[in-house]
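S.K.: Sharing a structure with you now.
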Protein chains: 2
Amino acid sequence: MRENPVHHTRCLKLTVAYDGTRFVGWQRQAEGESIQGLLEEALARLEGAPVTVHGAGRTDAGVHALGQVASARVTFTHDTATLARALNAQLPQDIRVVDVADAPADFHARFSARSKTYRYGLRISPVADPFDRAYVWHVGAGLDVDVMRQAAAVLAGTHDFAAFQSTGGETSSTVRTVFRSELVSHPGGADPVARFPLPCGADPLARRSWASEVGVGPRECLAYEITGDGFLRHMVRAIVGTLVEIGRGRRPATTMAELITRGTRADAGATAPAHGLFLVRVDYD
Amino acid sequence: MRENPVHHTRCLKLTVAYDGTRFVGWQRQAEGESIQGLLEEALARLEGAPVTVHGAGRTDAGVHALGQVASARVTFTHDTATLARALNAQLPQDIRVVDVADAPADFHARFSARSKTYRYGLRISPVADPFDRAYVWHVGAGLDVDVMRQAAAVLAGTHDFAAFQSTGGETSSTVRTVFRSELVSHPGGADPVARFPLPCGADPLARRSWASEVGVGPRECLAYEITGDGFLRHMVRAIVGTLVEIGRGRRPATTMAELITRGTRADAGATAPAHGLFLVRVDYD
């Protein structure tokens with residue numbers, strides 16, 4: 001009598017970039033395509049059996065990722081480079097597996113994460129840019145950036161972020177630790193060319209073009225960046241919505257300090273649109 | 001008896017940026033949306049009568065523009081700033097009028113142009129980037145960039161570019177003058193982050209992310225830039241296709257010199273995909 005073959009379980013750590021525009025979000029849904037669902041299908045084809053993928057951050061519909069991390073348990077033995085190629089061959093072009101690594105048996109993309117970093121892009125200009133409309137929130141002119149910067153800095157530390165949580169979140173505690181909360185200007189700041197979303201956008205030719213010929217005038221690009229040990233539902237987008245209201249002078253900069261001491265969701269600003277948000281990276285011990 | 005009101009004809013110069021992805025091209029077609037068609041519709045609504053728009057370059061389906069220039073004759077008297085806002089309010093977000101100016105009565109966007117500049121973006125990397133798949137041609141690894149650079153330089157000057165013209169072009173002469181033909185590396189060259197298509201992509205945080213966490217390794221971004229007094233049908237894309245074949249070692253660098261002395265279209269390389277091409281700017285006297 002033959003023994004069944006022994007299937008050694010293997011834990012994979014996948015780093016994934018995606019343009020979230022056309023997806024229902026990271027998480028599998030009854031309807032529509034999700035990043036999780038497509039990764040699970042691609043892995044299941046290699047495994048010959050269903051595979052469950054866990055993501056570090058369950059990004060909403062329209063939210064993008066540069067370095068989402070996912071874990072999966074499999075038994076196939078392909079080497080990691082072959083596996084990355086095989087997955088990318090199956091996935092649509094707006095999802096790319098940028099790295100595959102073997103991880104310790106107890107690795108879980110979400111529960112093992114030490115911190116996650118999100119970035120939210122803001123474009124301050126009179127005319128929107130047709131090439132980044134899916135990646136930044138175009139907020140028009142006249143924001144007081146210095147006041148926004150001060151307000152952003154207040155969030156660093158361990159606080160109750162209940163004021164920035166949308167209903168429908170799963171967690172019982174709304175206390176989180178934020179390691180970094182900063183509003184940064186793009187190095188090319190006032191120069192509309194330096195950040196043009198082209199591989200060679202910063203070259204002198206293009207710079208001449210926009211500065212002289214197109215003449216749309218200076219535009220400012222800002223990003224809000226936050227690193228924390230965990231995030232409540234829509235937390236980053238609610239923070240950004242509040243920051244923009246502060247920048248527009250609709251609420252004082254002191255709002256932030258009040259919100260993290262005694263705020264409820266109704267006290268904070270509107271939730272900023274999903275398409276400006278990127279999950280940048282996830283860090284592990 | 002009342003006289004008819006005198007309608008003073010006014011010549012407008014419009015500078016237009018567009019993401020060409022979903023359009024049938026600049027030019028009006030029987031089916032599908034064109035940039036020309038949408039501009040004409042928007043102007044006609046203001047004019048209360050049909051308006052014809054002439055573009056400097058009739059970009060193909062999928063080709064983008066940073067600074068396309070169009071001319072139109074109208075009689076309405078809105079100031080240029082109001083007009084820009086009114087047009088952008090009507091146009092879809094992937095077309096933006098970035099400047100409106102009054103031009104001399106004999107101005108014609110195409111016939112008055114002294115030179116046009118196109119840029120073609122190439123991404124050399126093992127893994128494609130989900131965020132620029134609509135804006136660069138991803139050509140994988142292993143191109144000999146120095147040889148391509150030498151070959152590109154050969155095209156400057158007045159030559160017969162018949163080898164780079166697709167059938168269907170309208171012109172009788174295939175001689176054109178190229179003022180500049182250059183392969184340029186993105187300043188952030190080997191650093192995958194520096195050119196990331198985000199407003200704040202070049203900041204230190206993101207740099208850490210891609211370099212260490214995502215770990216896709218260095219990627220190179222190249223652009224081919226060409227300025228000339230006129231371009232034959234598919235000329236830039238045929239030049240880029242030929243340059244890439246030279247870079248891959250499939251044909252010698254000397255090909256270029258031969259093509260502009262005695263070449264036919266069959267002798268040159270394949271036409272590069274439309275989506276890597278941008279009409280960057282149009283210059284007038």
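Residue numbers start at 1 in each chain; chains themselves are named A, B, ... in the order of the structure tokens; ligands are numbered from 1 in the order shown.
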Please identify all polymer residues within 12 Å of B:Asp285, counting only C-alpha atoms, omitting same-chain residues fewer than 2 positions from it, and present them as a PyMOL selection string.

M.R.: chain B and resi 104+107+109+111-115+282-283

S.K.: Hey, what does DSSP flag as strand (DSSP E or B) within stretch 55-274 of chain B? Can you give it to me as a ChimeraX atom specification?

M.R.: /B:55,60,64-74,95-103,113-124,137-138,157-160,175-185,220-228

S.K.: Give me, please, the distance in Å between atom CA of A:Glu40 and atom CA of A:Arg58, quoted to one decimal.

M.R.: 14.7 Å

S.K.: Determine, counting only C-alpha atoms, which protein, DNA and RNA residues have an atom within 6 Å of an atom of A:Gly67; residues of the same chain fewer than 2 positions away are not included. Present the result as a list in words.

M.R.: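 That gives Thr15, Val16, Ala17, Ala65, Val280 and Arg281 of chain A.
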
S.K.: Mind listing the helix (DSSP H, G or I) residues of stretch 45-167 of chain A, per DSSP on the backbone, as an mmCIF file with all heavy atoms, in the first residue's frame?

M.R.:
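Okay, this is what ended up in selection_19.cif:
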```
data_model
loop_
_atom_site.group_PDB
_atom_site.id
_atom_site.type_symbol
_atom_site.label_atom_id
_atom_site.label_comp_id
_atom_site.auth_asym_id
_atom_site.auth_seq_id
_atom_site.Cartn_x
_atom_site.Cartn_y
_atom_site.Cartn_z
ATOM 1 N N ARG A 45 -4.501 28.220 -9.306
ATOM 2 C CA ARG A 45 -4.167 27.525 -10.546
ATOM 3 C C ARG A 45 -2.831 26.797 -10.416
ATOM 4 O O ARG A 45 -2.658 25.693 -10.914
ATOM 5 C CB ARG A 45 -4.129 28.524 -11.715
ATOM 6 C CG ARG A 45 -5.335 28.374 -12.638
ATOM 7 C CD ARG A 45 -5.401 29.484 -13.677
ATOM 8 N NE ARG A 45 -6.454 30.425 -13.339
ATOM 9 C CZ ARG A 45 -6.331 31.745 -13.312
ATOM 10 N NH1 ARG A 45 -5.175 32.304 -13.611
ATOM 11 N NH2 ARG A 45 -7.350 32.503 -12.978
ATOM 12 N N LEU A 46 -1.882 27.419 -9.702
ATOM 13 C CA LEU A 46 -0.583 26.773 -9.488
ATOM 14 C C LEU A 46 -0.691 25.644 -8.467
ATOM 15 O O LEU A 46 -0.037 24.614 -8.573
ATOM 16 C CB LEU A 46 0.444 27.797 -9.008
ATOM 17 C CG LEU A 46 0.773 28.945 -9.970
ATOM 18 C CD1 LEU A 46 1.622 30.003 -9.279
ATOM 19 C CD2 LEU A 46 1.494 28.410 -11.203
ATOM 20 N N GLU A 47 -1.529 25.846 -7.463
ATOM 21 C CA GLU A 47 -1.663 24.900 -6.355
ATOM 22 C C GLU A 47 -2.551 23.713 -6.745
ATOM 23 O O GLU A 47 -2.406 22.617 -6.209
ATOM 24 C CB GLU A 47 -2.257 25.638 -5.134
ATOM 25 C CG GLU A 47 -2.476 24.803 -3.891
ATOM 26 C CD GLU A 47 -1.180 24.508 -3.138
ATOM 27 O OE1 GLU A 47 -0.117 24.968 -3.567
ATOM 28 O OE2 GLU A 47 -1.242 23.794 -2.117
ATOM 29 N N THR A 80 11.023 31.218 -6.025
ATOM 30 C CA THR A 80 10.309 32.487 -5.909
ATOM 31 C C THR A 80 10.338 33.318 -7.207
ATOM 32 O O THR A 80 9.359 33.976 -7.536
ATOM 33 C CB THR A 80 10.861 33.330 -4.734
ATOM 34 O OG1 THR A 80 12.267 33.473 -4.906
ATOM 35 C CG2 THR A 80 10.558 32.668 -3.398
ATOM 36 N N ALA A 81 11.448 33.293 -7.932
ATOM 37 C CA ALA A 81 11.524 34.082 -9.165
ATOM 38 C C ALA A 81 10.560 33.529 -10.219
ATOM 39 O O ALA A 81 9.850 34.284 -10.904
ATOM 40 C CB ALA A 81 12.953 34.093 -9.705
ATOM 41 N N THR A 82 10.528 32.213 -10.344
ATOM 42 C CA THR A 82 9.609 31.559 -11.284
ATOM 43 C C THR A 82 8.164 31.880 -10.917
ATOM 44 O O THR A 82 7.322 32.173 -11.765
ATOM 45 C CB THR A 82 9.814 30.025 -11.256
ATOM 46 O OG1 THR A 82 11.177 29.750 -11.542
ATOM 47 C CG2 THR A 82 8.905 29.323 -12.257
ATOM 48 N N LEU A 83 7.921 31.851 -9.622
ATOM 49 C CA LEU A 83 6.587 32.108 -9.110
ATOM 50 C C LEU A 83 6.123 33.528 -9.436
ATOM 51 O O LEU A 83 4.983 33.755 -9.869
ATOM 52 C CB LEU A 83 6.637 31.896 -7.595
ATOM 53 C CG LEU A 83 5.346 31.776 -6.831
ATOM 54 C CD1 LEU A 83 4.364 30.853 -7.516
ATOM 55 C CD2 LEU A 83 5.672 31.268 -5.423
ATOM 56 N N ALA A 84 7.017 34.505 -9.244
ATOM 57 C CA ALA A 84 6.666 35.895 -9.556
ATOM 58 C C ALA A 84 6.296 36.012 -11.034
ATOM 59 O O ALA A 84 5.295 36.649 -11.387
ATOM 60 C CB ALA A 84 7.831 36.825 -9.220
ATOM 61 N N ARG A 85 7.083 35.398 -11.893
ATOM 62 C CA ARG A 85 6.787 35.450 -13.332
ATOM 63 C C ARG A 85 5.459 34.767 -13.639
ATOM 64 O O ARG A 85 4.649 35.265 -14.408
ATOM 65 C CB ARG A 85 7.917 34.785 -14.142
ATOM 66 C CG ARG A 85 9.102 35.703 -14.402
ATOM 67 C CD ARG A 85 10.013 35.126 -15.486
ATOM 68 N NE ARG A 85 10.550 33.816 -15.141
ATOM 69 C CZ ARG A 85 11.640 33.636 -14.392
ATOM 70 N NH1 ARG A 85 12.311 34.680 -13.923
ATOM 71 N NH2 ARG A 85 12.071 32.421 -14.116
ATOM 72 N N ALA A 86 5.233 33.614 -13.023
ATOM 73 C CA ALA A 86 3.996 32.859 -13.284
ATOM 74 C C ALA A 86 2.766 33.648 -12.824
ATOM 75 O O ALA A 86 1.738 33.663 -13.505
ATOM 76 C CB ALA A 86 4.054 31.505 -12.587
ATOM 77 N N LEU A 87 2.875 34.300 -11.690
ATOM 78 C CA LEU A 87 1.742 35.092 -11.192
ATOM 79 C C LEU A 87 1.492 36.302 -12.102
ATOM 80 O O LEU A 87 0.352 36.575 -12.483
ATOM 81 C CB LEU A 87 1.996 35.546 -9.752
ATOM 82 C CG LEU A 87 1.992 34.422 -8.706
ATOM 83 C CD1 LEU A 87 2.448 34.954 -7.345
ATOM 84 C CD2 LEU A 87 0.593 33.788 -8.591
ATOM 85 N N ASN A 88 2.565 37.013 -12.461
ATOM 86 C CA ASN A 88 2.381 38.193 -13.310
ATOM 87 C C ASN A 88 1.837 37.823 -14.689
ATOM 88 O O ASN A 88 1.131 38.613 -15.318
ATOM 89 C CB ASN A 88 3.693 38.976 -13.427
ATOM 90 C CG ASN A 88 3.944 39.826 -12.191
ATOM 91 O OD1 ASN A 88 3.003 40.297 -11.554
ATOM 92 N ND2 ASN A 88 5.211 40.010 -11.836
ATOM 93 N N ALA A 89 2.171 36.628 -15.154
ATOM 94 C CA ALA A 89 1.651 36.199 -16.453
ATOM 95 C C ALA A 89 0.132 36.013 -16.397
ATOM 96 O O ALA A 89 -0.568 36.192 -17.399
ATOM 97 C CB ALA A 89 2.330 34.899 -16.889
ATOM 98 N N GLN A 90 -0.372 35.671 -15.228
ATOM 99 C CA GLN A 90 -1.815 35.438 -15.094
ATOM 100 C C GLN A 90 -2.592 36.696 -14.709
ATOM 101 O O GLN A 90 -3.771 36.815 -15.012
ATOM 102 C CB GLN A 90 -2.071 34.401 -13.996
ATOM 103 C CG GLN A 90 -1.594 33.005 -14.330
ATOM 104 C CD GLN A 90 -1.946 32.057 -13.201
ATOM 105 O OE1 GLN A 90 -3.111 31.777 -12.936
ATOM 106 N NE2 GLN A 90 -0.930 31.583 -12.504
ATOM 107 N N VAL A 145 -0.815 75.904 3.498
ATOM 108 C CA VAL A 145 -0.057 74.664 3.690
ATOM 109 C C VAL A 145 0.651 74.627 5.040
ATOM 110 O O VAL A 145 0.745 73.578 5.671
ATOM 111 C CB VAL A 145 0.934 74.458 2.521
ATOM 112 C CG1 VAL A 145 1.796 73.221 2.742
ATOM 113 C CG2 VAL A 145 0.170 74.321 1.204
ATOM 114 N N ASP A 146 1.136 75.775 5.482
ATOM 115 C CA ASP A 146 1.846 75.803 6.768
ATOM 116 C C ASP A 146 0.932 75.385 7.925
ATOM 117 O O ASP A 146 1.336 74.620 8.800
ATOM 118 C CB ASP A 146 2.410 77.209 7.034
ATOM 119 C CG ASP A 146 3.640 77.477 6.182
ATOM 120 O OD1 ASP A 146 4.303 76.498 5.776
ATOM 121 O OD2 ASP A 146 3.914 78.658 5.902
ATOM 122 N N VAL A 147 -0.281 75.881 7.887
ATOM 123 C CA VAL A 147 -1.235 75.519 8.939
ATOM 124 C C VAL A 147 -1.570 74.026 8.862
ATOM 125 O O VAL A 147 -1.667 73.337 9.889
ATOM 126 C CB VAL A 147 -2.506 76.399 8.811
ATOM 127 C CG1 VAL A 147 -3.620 75.862 9.692
ATOM 128 C CG2 VAL A 147 -2.183 77.841 9.174
ATOM 129 N N MET A 148 -1.707 73.513 7.642
ATOM 130 C CA MET A 148 -1.980 72.081 7.474
ATOM 131 C C MET A 148 -0.822 71.240 8.030
ATOM 132 O O MET A 148 -1.024 70.194 8.645
ATOM 133 C CB MET A 148 -2.174 71.756 5.992
ATOM 134 C CG MET A 148 -3.452 72.335 5.395
ATOM 135 S SD MET A 148 -3.501 72.180 3.588
ATOM 136 C CE MET A 148 -3.768 70.416 3.377
ATOM 137 N N ARG A 149 0.391 71.717 7.765
ATOM 138 C CA ARG A 149 1.578 71.002 8.214
ATOM 139 C C ARG A 149 1.595 70.898 9.745
ATOM 140 O O ARG A 149 1.869 69.834 10.303
ATOM 141 C CB ARG A 149 2.810 71.757 7.714
ATOM 142 C CG ARG A 149 3.979 70.894 7.323
ATOM 143 C CD ARG A 149 5.160 71.749 6.876
ATOM 144 N NE ARG A 149 4.939 72.467 5.637
ATOM 145 C CZ ARG A 149 5.204 71.965 4.423
ATOM 146 N NH1 ARG A 149 5.669 70.740 4.299
ATOM 147 N NH2 ARG A 149 4.982 72.683 3.343
ATOM 148 N N GLN A 150 1.298 72.007 10.396
ATOM 149 C CA GLN A 150 1.252 72.002 11.865
ATOM 150 C C GLN A 150 0.168 71.044 12.373
ATOM 151 O O GLN A 150 0.377 70.293 13.318
ATOM 152 C CB GLN A 150 0.963 73.406 12.392
ATOM 153 C CG GLN A 150 2.120 74.391 12.220
ATOM 154 C CD GLN A 150 1.656 75.842 12.313
ATOM 155 O OE1 GLN A 150 0.719 76.152 13.049
ATOM 156 N NE2 GLN A 150 2.285 76.725 11.549
ATOM 157 N N ALA A 151 -0.981 71.090 11.742
ATOM 158 C CA ALA A 151 -2.099 70.239 12.170
ATOM 159 C C ALA A 151 -1.756 68.760 11.983
ATOM 160 O O ALA A 151 -2.095 67.913 12.818
ATOM 161 C CB ALA A 151 -3.359 70.608 11.389
ATOM 162 N N ALA A 152 -1.064 68.435 10.885
ATOM 163 C CA ALA A 152 -0.700 67.036 10.616
ATOM 164 C C ALA A 152 0.215 66.501 11.700
ATOM 165 O O ALA A 152 0.084 65.354 12.142
ATOM 166 C CB ALA A 152 -0.034 66.923 9.239
ATOM 167 N N ALA A 153 1.156 67.335 12.140
ATOM 168 C CA ALA A 153 2.163 66.898 13.108
ATOM 169 C C ALA A 153 1.548 66.502 14.456
ATOM 170 O O ALA A 153 2.100 65.667 15.180
ATOM 171 C CB ALA A 153 3.205 67.999 13.314
ATOM 172 N N ALA A 162 -11.025 57.727 17.252
ATOM 173 C CA ALA A 162 -12.446 57.462 16.979
ATOM 174 C C ALA A 162 -13.067 58.492 16.038
ATOM 175 O O ALA A 162 -13.935 58.167 15.231
ATOM 176 C CB ALA A 162 -13.226 57.417 18.295
ATOM 177 N N ALA A 163 -12.581 59.739 16.124
ATOM 178 C CA ALA A 163 -13.155 60.808 15.286
ATOM 179 C C ALA A 163 -12.880 60.592 13.805
ATOM 180 O O ALA A 163 -13.504 61.209 12.949
ATOM 181 C CB ALA A 163 -12.599 62.163 15.719
ATOM 182 N N PHE A 164 -11.907 59.708 13.509
ATOM 183 C CA PHE A 164 -11.518 59.475 12.115
ATOM 184 C C PHE A 164 -11.910 58.081 11.632
ATOM 185 O O PHE A 164 -11.360 57.575 10.675
ATOM 186 C CB PHE A 164 -10.005 59.686 11.953
ATOM 187 C CG PHE A 164 -9.559 61.075 12.325
ATOM 188 C CD1 PHE A 164 -8.923 61.324 13.530
ATOM 189 C CD2 PHE A 164 -9.795 62.148 11.462
ATOM 190 C CE1 PHE A 164 -8.519 62.606 13.886
ATOM 191 C CE2 PHE A 164 -9.391 63.437 11.796
ATOM 192 C CZ PHE A 164 -8.758 63.663 13.013
#
```

S.K.: Select, from A:Leu66, A:Ala56, A:Val178, A:Ala72, the residue with the minimum atom-to-atom distance to B:Asp129, counting only C-alpha atoms.

M.R.: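 Checking each candidate against B:Asp129, we get A:Leu66 as the closest.
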
S.K.: What is the atom CA of B:Pro130-atom CA of A:Ala223 distance in Å, reported with one decimal?

M.R.: 20.1 Å

S.K.: Using only C-alpha atoms for the distances, tell me which of A:Asp19, A:Asp102, A:Asp79, A:Asp144 is nearest to A:Ala61.

M.R.: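 Nearest candidate to A:Ala61 out of A:Asp19, A:Asp102, A:Asp79, A:Asp144: A:Asp19.
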
S.K.: With only C-alpha atoms as the basis for distance, which of B:Tyr284, B:Phe179, B:Tyr118, B:Tyr18 is at the shortest distance from B:Leu91?

M.R.: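 Smallest distance to B:Leu91 is found for B:Tyr18.
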
S.K.: Taking only C-alpha atoms into account, name the residue in B:Ser125, B:Ser34, B:Thr271, B:Gln165 that is nearest to B:Glu245.

M.R.: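 Nearest to B:Glu245: B:Thr271.
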